[in-house]
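my_file03.pdb (PDB, C-alpha atoms and all ligand atoms)
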```pdb
ATOM      1  CA  MET Q1316      11.532   1.252  -4.608
ATOM      2  CA  LYS Q1317      14.938   2.726  -5.311
ATOM      3  CA  ILE Q1318      17.811   1.977  -2.963
ATOM      4  CA  ASP Q1319      21.007   3.917  -3.493
ATOM      5  CA  ASP Q1320      24.525   3.689  -2.116
ATOM      6  CA  LEU Q1321      23.753   5.763   0.958
ATOM      7  CA  ASP Q1322      20.804   3.506   1.844
ATOM      8  CA  LEU Q1323      23.012   0.442   1.458
ATOM      9  CA  LYS Q1324      25.724   1.910   3.649
ATOM     10  CA  LEU Q1325      23.177   2.752   6.340
ATOM     11  CA  ILE Q1326      21.795  -0.786   6.181
ATOM     12  CA  TYR Q1327      25.296  -2.228   6.305
ATOM     13  CA  LEU Q1328      26.257  -0.247   9.412
ATOM     14  CA  LEU Q1329      22.970  -1.022  11.160
ATOM     15  CA  MET Q1330      23.217  -4.741  10.402
ATOM     16  CA  ASP Q1331      26.542  -4.705  12.176
ATOM     17  CA  ASN Q1332      25.344  -2.573  15.088
ATOM     18  CA  SER Q1333      21.671  -1.635  15.262
ATOM     19  CA  ARG Q1334      22.261   0.669  18.229
ATOM     20  CA  LEU Q1335      24.219   3.282  16.286
ATOM     21  CA  SER Q1336      22.499   6.618  16.809
ATOM     22  CA  ILE Q1337      21.463   8.980  14.043
ATOM     23  CA  SER Q1338      24.385  11.271  14.940
ATOM     24  CA  GLU Q1339      26.861   8.387  14.831
ATOM     25  CA  LEU Q1340      25.522   7.205  11.482
ATOM     26  CA  ALA Q1341      25.663  10.738  10.099
ATOM     27  CA  GLU Q1342      29.230  11.160  11.290
ATOM     28  CA  ARG Q1343      30.345   7.841   9.883
ATOM     29  CA  LEU Q1344      28.849   8.440   6.489
ATOM     30  CA  GLY Q1345      29.695  12.126   6.321
ATOM     31  CA  VAL Q1346      26.120  13.269   5.799
ATOM     32  CA  SER Q1347      23.762  15.401   7.877
ATOM     33  CA  ARG Q1348      21.553  14.062  10.653
ATOM     34  CA  PRO Q1349      18.297  15.077   8.906
ATOM     35  CA  THR Q1350      19.488  13.107   5.855
ATOM     36  CA  VAL Q1351      20.042   9.966   7.944
ATOM     37  CA  LYS Q1352      16.730  10.468   9.710
ATOM     38  CA  SER Q1353      14.714  10.809   6.512
ATOM     39  CA  ARG Q1354      16.523   7.878   4.870
ATOM     40  CA  LEU Q1355      15.766   5.619   7.833
ATOM     41  CA  GLU Q1356      12.142   6.730   7.845
ATOM     42  CA  LYS Q1357      11.919   5.931   4.140
ATOM     43  CA  LEU Q1358      13.558   2.503   4.561
ATOM     44  CA  GLU Q1359      11.213   1.695   7.433
ATOM     45  CA  LYS Q1360       8.125   2.953   5.597
ATOM     46  CA  GLU Q1361       8.943   0.967   2.483
ATOM     47  CA  GLY Q1362       9.515  -2.177   4.483
ATOM     48  CA  VAL Q1363      13.230  -2.516   3.757
ATOM     49  CA  ILE Q1364      14.111  -2.247   7.434
ATOM     50  CA  LEU Q1365      11.627  -4.326   9.378
ATOM     51  CA  GLY Q1366      13.195  -3.859  12.784
ATOM     52  CA  TYR Q1367      16.335  -3.363  14.838
ATOM     53  CA  THR Q1368      17.475  -6.514  16.522
ATOM     54  CA  VAL Q1369      19.815  -7.856  19.190
ATOM     55  CA  LYS Q1370      22.772 -10.213  18.842
ATOM     56  CA  LEU Q1371      22.400 -12.783  21.559
ATOM     57  CA  ASN Q1372      25.240 -14.801  23.002
ATOM     58  CA  PRO Q1373      24.903 -18.165  21.198
ATOM     59  CA  GLU Q1374      25.528 -19.930  24.513
ATOM     60  CA  LEU Q1375      22.130 -18.748  25.682
ATOM     61  CA  LEU Q1376      20.476 -20.285  22.661
ATOM     62  CA  ARG Q1377      22.243 -23.588  23.261
ATOM     63  CA  ALA Q1378      21.024 -23.909  26.827
ATOM     64  CA  HIS Q1379      18.556 -26.592  25.739
ATOM     65  CA  ASN Q1380      18.653 -30.001  24.168
ATOM     66  CA  VAL Q1381      17.560 -29.634  20.601
ATOM     67  CA  VAL Q1382      15.770 -32.442  18.811
ATOM     68  CA  ALA Q1383      14.858 -32.500  15.129
ATOM     69  CA  LEU Q1384      11.734 -34.391  14.134
ATOM     70  CA  ILE Q1385       9.988 -35.293  10.946
ATOM     71  CA  VAL Q1386       6.299 -35.261  11.742
ATOM     72  CA  LYS Q1387       2.937 -35.637  10.076
ATOM     73  CA  THR Q1388       0.024 -33.522  11.166
ATOM     74  CA  ASP Q1389      -3.381 -32.384   9.964
ATOM     75  CA  SER Q1390      -3.469 -29.414  12.314
ATOM     76  CA  PRO Q1391      -0.109 -27.646  11.965
ATOM     77  CA  GLU Q1392      -1.497 -24.532  13.649
ATOM     78  CA  LYS Q1393      -1.325 -26.448  16.946
ATOM     79  CA  MET Q1394       2.470 -26.430  16.725
ATOM     80  CA  SER Q1395       2.653 -22.665  17.105
ATOM     81  CA  GLU Q1396       1.067 -22.986  20.550
ATOM     82  CA  PHE Q1397       4.307 -24.524  21.843
ATOM     83  CA  GLU Q1398       7.220 -22.169  22.399
ATOM     84  CA  GLU Q1399       9.446 -25.249  22.708
ATOM     85  CA  ILE Q1400       9.052 -25.736  18.951
ATOM     86  CA  ILE Q1401      11.736 -23.394  17.661
ATOM     87  CA  GLU Q1402      11.651 -24.185  13.955
ATOM     88  CA  ILE Q1403       8.953 -25.381  11.544
ATOM     89  CA  ASN Q1404       9.736 -26.343   7.940
ATOM     90  CA  ARG Q1405       7.005 -27.697   5.711
ATOM     91  CA  PHE Q1406       7.829 -30.491   3.242
ATOM     92  CA  THR Q1407       4.425 -31.407   1.864
ATOM     93  CA  SER Q1408       0.907 -30.492   2.886
ATOM     94  CA  ARG Q1409       1.116 -32.753   5.960
ATOM     95  CA  LYS Q1410       4.805 -33.424   6.498
ATOM     96  CA  TYR Q1411       7.084 -31.135   8.511
ATOM     97  CA  LEU Q1412      10.654 -30.994   9.755
ATOM     98  CA  ILE Q1413      10.603 -29.272  13.120
ATOM     99  CA  LYS Q1414      13.070 -28.545  15.898
ATOM    100  CA  ILE Q1415      12.169 -28.696  19.543
ATOM    101  CA  ALA Q1416      14.279 -27.307  22.403
ATOM    102  CA  VAL Q1417      13.602 -28.980  25.738
ATOM    103  CA  GLU Q1418      15.288 -29.561  29.078
ATOM    104  CA  ASP Q1419      14.538 -33.285  29.235
ATOM    105  CA  MET Q1420      12.689 -36.215  27.686
ATOM    106  CA  GLU Q1421       9.624 -35.626  29.849
ATOM    107  CA  GLU Q1422       9.216 -32.152  28.395
ATOM    108  CA  LEU Q1423       9.688 -33.535  24.890
ATOM    109  CA  ARG Q1424       6.978 -36.129  25.474
ATOM    110  CA  LYS Q1425       4.578 -33.384  26.623
ATOM    111  CA  VAL Q1426       5.171 -31.344  23.485
ATOM    112  CA  ILE Q1427       4.735 -34.355  21.189
ATOM    113  CA  GLU Q1428       1.499 -35.411  22.882
ATOM    114  CA  GLY Q1429       0.183 -31.870  23.179
ATOM    115  CA  ALA Q1430       0.816 -30.862  19.574
ATOM    116  CA  GLY Q1431      -0.765 -34.089  18.438
ATOM    117  CA  PHE Q1432       1.440 -34.899  15.479
ATOM    118  CA  GLU Q1433       2.623 -38.277  14.318
ATOM    119  CA  VAL Q1434       6.402 -38.670  14.699
ATOM    120  CA  ILE Q1435       8.005 -40.244  11.641
ATOM    121  CA  GLU Q1436      11.605 -39.754  12.638
ATOM    122  CA  ILE Q1437      13.365 -38.239  15.614
ATOM    123  CA  MET Q1438      16.992 -37.121  15.705
ATOM    124  CA  PRO Q1439      18.963 -35.383  18.442
ATOM    125  CA  VAL Q1440      20.870 -32.327  17.281
ATOM    126  CA  LEU Q1441      24.398 -32.887  18.584
ATOM    127  CA  GLU Q1442      25.840 -29.545  17.640
ATOM    128  CA  SER Q1443      24.652 -26.341  16.055
ATOM    129  CA  ILE Q1444      27.384 -24.424  14.363
ATOM    130  CA  GLU Q1445      26.969 -20.705  14.732
ATOM    131  CA  ARG Q1446      28.086 -19.096  11.536
ATOM    132  CA  THR Q1447      29.490 -15.683  12.241
ATOM    133  CA  THR Q1448      29.515 -13.974   8.904
ATOM    134  CA  PRO Q1449      29.623 -10.257   8.289
ATOM    135  CA  PRO Q1450      26.273  -8.771   7.301
ATOM    136  CA  LYS Q1451      25.403  -9.528   3.719
ATOM    137  CA  VAL Q1452      23.452  -7.132   1.566
ATOM    138  CA  LYS Q1453      22.615  -8.721  -1.738
ATOM    139  CA  ILE Q1454      22.623  -5.468  -3.652
ATOM    140  CA  PRO Q1455      25.973  -4.200  -4.912
ATOM    141  CA  PHE Q1456      27.164  -0.774  -3.891
ATOM    142  CA  LYS Q1457      29.976   1.366  -5.148
ATOM    143  CA  CYS Q1458      33.624   1.538  -4.092
ATOM    144  CA  ASP Q1459      34.449   4.912  -2.491
ATOM    145  CA  TYR Q1460      37.754   5.015  -4.350
ATOM    146  CA  CYS Q1461      37.245   3.718  -7.897
ATOM    147  CA  GLY Q1462      33.458   3.977  -8.069
ATOM    148  CA  LYS Q1463      33.051   0.444  -9.413
ATOM    149  CA  GLU Q1464      30.412  -1.871  -8.009
ATOM    150  CA  ILE Q1465      31.699  -3.912  -5.099
ATOM    151  CA  VAL Q1466      31.470  -7.641  -5.785
ATOM    152  CA  GLY Q1467      31.202  -9.702  -2.607
ATOM    153  CA  GLU Q1468      32.157  -8.285   0.763
ATOM    154  CA  PRO Q1469      33.281  -4.658   0.887
ATOM    155  CA  ILE Q1470      36.421  -3.673   2.777
ATOM    156  CA  VAL Q1471      35.207  -1.321   5.479
ATOM    157  CA  TYR Q1472      37.762   1.364   6.342
ATOM    158  CA  LYS Q1473      37.264   3.616   9.332
ATOM    159  CA  TYR Q1474      38.992   6.965   9.245
ATOM    160  CA  HIS Q1475      38.363   9.829  11.683
ATOM    161  CA  ASN Q1476      35.004   8.327  12.716
ATOM    162  CA  ARG Q1477      33.895   8.028   9.113
ATOM    163  CA  VAL Q1478      33.538   4.760   7.269
ATOM    164  CA  TYR Q1479      34.405   4.108   3.668
ATOM    165  CA  PHE Q1480      33.599   1.078   1.548
ATOM    166  CA  LEU Q1481      36.314  -0.175  -0.740
ATOM    167  CA  CYS Q1482      36.223  -2.941  -3.346
ATOM    168  CA  CYS Q1483      39.744  -4.344  -3.065
ATOM    169  CA  PRO Q1484      43.062  -4.012  -1.163
ATOM    170  CA  THR Q1485      44.517  -1.876  -3.966
ATOM    171  CA  CYS Q1486      41.695   0.653  -3.709
ATOM    172  CA  LEU Q1487      42.102   0.624   0.076
ATOM    173  CA  ARG Q1488      45.819   1.410  -0.245
ATOM    174  CA  GLU Q1489      45.303   4.168  -2.802
ATOM    175  CA  PHE Q1490      42.416   5.599  -0.807
ATOM    176  CA  LYS Q1491      44.541   5.722   2.358
ATOM    177  CA  LYS Q1492      47.321   7.497   0.446
ATOM    178  CA  THR Q1493      44.893  10.127  -0.872
ATOM    179  CA  ARG Q1494      43.501  10.683   2.628
ATOM    180  CA  GLU Q1495      46.999  11.116   4.052
ATOM    181  CA  ASN Q1496      47.903  13.637   1.370
ATOM    182  CA  ILE Q1497      44.744  15.651   2.006
ATOM    183  CA  GLU Q1498      45.608  15.610   5.694
ATOM    184  CA  LYS Q1499      49.176  16.845   5.078
ATOM    185  CA  PHE Q1500      47.898  19.558   2.770
ATOM    186  CA  LYS Q1501      45.389  20.718   5.392
ATOM    187  CA  LEU Q1502      48.092  20.921   8.075
ATOM    188  CA  LYS Q1503      50.279  23.030   5.796
ATOM    189  CA  GLU Q1504      47.392  25.381   5.048
ATOM    190  CA  GLU Q1505      46.633  25.798   8.748
ATOM    191  CA  ASP Q1506      50.298  26.528   9.338
ATOM    192  CA  LYS Q1507      50.266  29.247   6.696
ATOM    193  CA  VAL Q1508      47.181  30.876   8.187
ATOM    194  CA  GLU Q1509      48.746  30.960  11.644
ATOM    195  CA  HIS Q1510      51.927  32.499  10.328
ATOM    196  CA  ALA Q1511      49.917  35.077   8.449
ATOM    197  CA  HIS Q1512      48.183  36.079  11.679
ATOM    198  CA  GLU Q1513      51.519  36.423  13.421
ATOM    199  CA  HIS Q1514      52.693  38.767  10.704
ATOM    200  CA  GLU Q1515      49.554  40.858  11.110
ATOM    201  CA  HIS Q1516      50.250  41.279  14.807
ATOM    202  CA  HIS Q1517      53.798  42.358  14.097
ATOM    203  CA  ALA Q1518      52.547  44.896  11.618
ATOM    204  CA  HIS Q1519      50.139  46.445  14.162
ATOM    205  CA  ASN Q1520      52.875  46.784  16.748
TER     206      ASN Q1520
HETATM  207 ZN    ZN K1601      37.621   0.110  -5.945
END
```

Structure encoded using structure tokens:
Amino acid sequence: MKIDDLDLKLIYLLMDNSRLSISELAERLGVSRPTVKSRLEKLEKEGVILGYTVKLNPELLRAHNVVALIVKTDSPEKMSEFEEIIEINRFTSRKYLIKIAVEDMEELRKVIEGAGFEVIEIMPVLESIERTTPPKVKIPFKCDYCGKEIVGEPIVYKYHNRVYFLCCPTCLREFKKTRENIEKFKLKEEDKVEHAHEHEHHAHN
């Protein structure tokens, strides 16, 4: 499957806010709505976009006591019956590192007995550090100013509801300058047109 710059920009914007509408995406990227629609359909069909998700307040996720356990079990499928088990990592064919979120020790005991695994080690999780990083797309895309591939995080620049992706502060500065000049030029042109109309009116009178 071929993913181009426009696809990457769509993915980038949606990873940051999955509720952006097709019109908003089209406006931000300066393309038509049918283009956005067909790109999204393609990305969904080809399994690049698997779904549109929600960012939950981390406080809600921390409402429980979390315990990490190393366990041994011959019937790992039993673990998926317990919604208290929030993470399952397999080490070897029988050994797992799992995380359980419970309100109290009684609940923990029920899960351990119910899932029927042998506990090798049990550790309370004192703190989970929420890492708030900007969305990462591991495919490089091109700078809107110099056209070079962006290494690392792009600088996202919003201008008149459109977004641009720049590779470095220098490109951002130069890009802004160019935009400002285009803007000034446009204003002058509009001015000229208005004056021209005025002259026409005078001529008719
Ligand atoms: Zn650049």

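Where the distance criterion is 10 Å and the atoms used are all atoms listed in the file, the residues close to ligand ZN 1601 (chain K) are Lys1457, Cys1458, Asp1459, Tyr1460, Cys1461, Gly1462, Lys1463, Glu1464, Ile1465, Val1466, Pro1469, Ile1470, Phe1480, Leu1481, Cys1482, Cys1483, Pro1484, Thr1485, Cys1486, Leu1487, Glu1489 and Phe1490 of chain Q.
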
| query | On this structure, which residues satisfy the PyMOL selection byres (((chain Q and resi 1422-1434) around 9) and not hetatm), written as JSON, numbers by chain? | reply | {"Q": [1382, 1384, 1385, 1386, 1387, 1388, 1389, 1390, 1391, 1392, 1393, 1394, 1395, 1396, 1397, 1399, 1400, 1415, 1416, 1417, 1418, 1419, 1420, 1421, 1435, 1436, 1437]}

| Which one of Q:Tyr1327, Q:Ile1318, Q:Val1363, Q:Ile1413 sits closest to Glu1468 in chain Q if you count only C-alpha atoms? | Q:Tyr1327

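Between CA of Leu1358 in chain Q and CA of Leu1340 in chain Q the separation is 14.6 Å.
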
| For the file shown, what are the residues hit by the PyMOL selection byres (((chain Q and resi 1338) around 10) and not hetatm), laid out as a PyMOL selection string? | chain Q and resi 1335-1337+1339-1344+1346-1349+1351-1352

Create the file for the chosen residues now, containing C-alpha atoms and written as a PDB file, in the frame of the given file.
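For reference, out20.pdb as written:
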```
ATOM      1  CA  LEU Q1335      24.219   3.282  16.286  1.00  0.00           C
ATOM      2  CA  SER Q1336      22.499   6.618  16.809  1.00  0.00           C
ATOM      3  CA  ILE Q1337      21.463   8.980  14.043  1.00  0.00           C
ATOM      4  CA  GLU Q1339      26.861   8.387  14.831  1.00  0.00           C
ATOM      5  CA  LEU Q1340      25.522   7.205  11.482  1.00  0.00           C
ATOM      6  CA  ALA Q1341      25.663  10.738  10.099  1.00  0.00           C
ATOM      7  CA  GLU Q1342      29.230  11.160  11.290  1.00  0.00           C
ATOM      8  CA  ARG Q1343      30.345   7.841   9.883  1.00  0.00           C
ATOM      9  CA  LEU Q1344      28.849   8.440   6.489  1.00  0.00           C
ATOM     10  CA  VAL Q1346      26.120  13.269   5.799  1.00  0.00           C
ATOM     11  CA  SER Q1347      23.762  15.401   7.877  1.00  0.00           C
ATOM     12  CA  ARG Q1348      21.553  14.062  10.653  1.00  0.00           C
ATOM     13  CA  PRO Q1349      18.297  15.077   8.906  1.00  0.00           C
ATOM     14  CA  VAL Q1351      20.042   9.966   7.944  1.00  0.00           C
ATOM     15  CA  LYS Q1352      16.730  10.468   9.710  1.00  0.00           C
TER      16      LYS Q1352
END
```

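For the pair CA of Glu1359 in chain Q and CA of Arg1477 in chain Q, the interatomic distance is 23.6 Å.
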
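Picture a line from CA of Lys1370 in chain Q to CA of Met1438 in chain Q; it runs 27.7 Å.
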
Your completed range 1399-1411 of chain Q with N, CA and C atoms, as a PDB file, in the coordinates of the input:
```
ATOM      1  N   GLU Q1399       8.312 -24.315  22.781  1.00  0.00           N
ATOM      2  CA  GLU Q1399       9.446 -25.249  22.708  1.00  0.00           C
ATOM      3  C   GLU Q1399       9.783 -25.583  21.246  1.00  0.00           C
ATOM      4  N   ILE Q1400       8.799 -25.464  20.374  1.00  0.00           N
ATOM      5  CA  ILE Q1400       9.052 -25.736  18.951  1.00  0.00           C
ATOM      6  C   ILE Q1400       9.698 -24.483  18.354  1.00  0.00           C
ATOM      7  N   ILE Q1401      10.996 -24.592  18.064  1.00  0.00           N
ATOM      8  CA  ILE Q1401      11.736 -23.394  17.661  1.00  0.00           C
ATOM      9  C   ILE Q1401      11.871 -23.250  16.152  1.00  0.00           C
ATOM     10  N   GLU Q1402      11.536 -24.290  15.412  1.00  0.00           N
ATOM     11  CA  GLU Q1402      11.651 -24.185  13.955  1.00  0.00           C
ATOM     12  C   GLU Q1402      10.619 -25.087  13.301  1.00  0.00           C
ATOM     13  N   ILE Q1403       9.948 -24.579  12.274  1.00  0.00           N
ATOM     14  CA  ILE Q1403       8.953 -25.381  11.544  1.00  0.00           C
ATOM     15  C   ILE Q1403       9.224 -25.242  10.054  1.00  0.00           C
ATOM     16  N   ASN Q1404       9.529 -26.346   9.399  1.00  0.00           N
ATOM     17  CA  ASN Q1404       9.736 -26.343   7.940  1.00  0.00           C
ATOM     18  C   ASN Q1404       8.758 -27.312   7.314  1.00  0.00           C
ATOM     19  N   ARG Q1405       7.999 -26.830   6.330  1.00  0.00           N
ATOM     20  CA  ARG Q1405       7.005 -27.697   5.711  1.00  0.00           C
ATOM     21  C   ARG Q1405       7.586 -28.400   4.484  1.00  0.00           C
ATOM     22  N   PHE Q1406       7.402 -29.715   4.411  1.00  0.00           N
ATOM     23  CA  PHE Q1406       7.829 -30.491   3.242  1.00  0.00           C
ATOM     24  C   PHE Q1406       6.700 -30.612   2.238  1.00  0.00           C
ATOM     25  N   THR Q1407       5.609 -31.208   2.709  1.00  0.00           N
ATOM     26  CA  THR Q1407       4.425 -31.407   1.864  1.00  0.00           C
ATOM     27  C   THR Q1407       3.259 -30.851   2.663  1.00  0.00           C
ATOM     28  N   SER Q1408       2.048 -31.081   2.195  1.00  0.00           N
ATOM     29  CA  SER Q1408       0.907 -30.492   2.886  1.00  0.00           C
ATOM     30  C   SER Q1408       0.794 -30.989   4.328  1.00  0.00           C
ATOM     31  N   ARG Q1409       1.272 -32.214   4.599  1.00  0.00           N
ATOM     32  CA  ARG Q1409       1.116 -32.753   5.960  1.00  0.00           C
ATOM     33  C   ARG Q1409       2.431 -33.011   6.678  1.00  0.00           C
ATOM     34  N   LYS Q1410       3.527 -33.000   5.936  1.00  0.00           N
ATOM     35  CA  LYS Q1410       4.805 -33.424   6.498  1.00  0.00           C
ATOM     36  C   LYS Q1410       5.695 -32.224   6.847  1.00  0.00           C
ATOM     37  N   TYR Q1411       6.268 -32.260   8.034  1.00  0.00           N
ATOM     38  CA  TYR Q1411       7.084 -31.135   8.511  1.00  0.00           C
ATOM     39  C   TYR Q1411       8.391 -31.622   9.122  1.00  0.00           C
TER      40      TYR Q1411
END
```
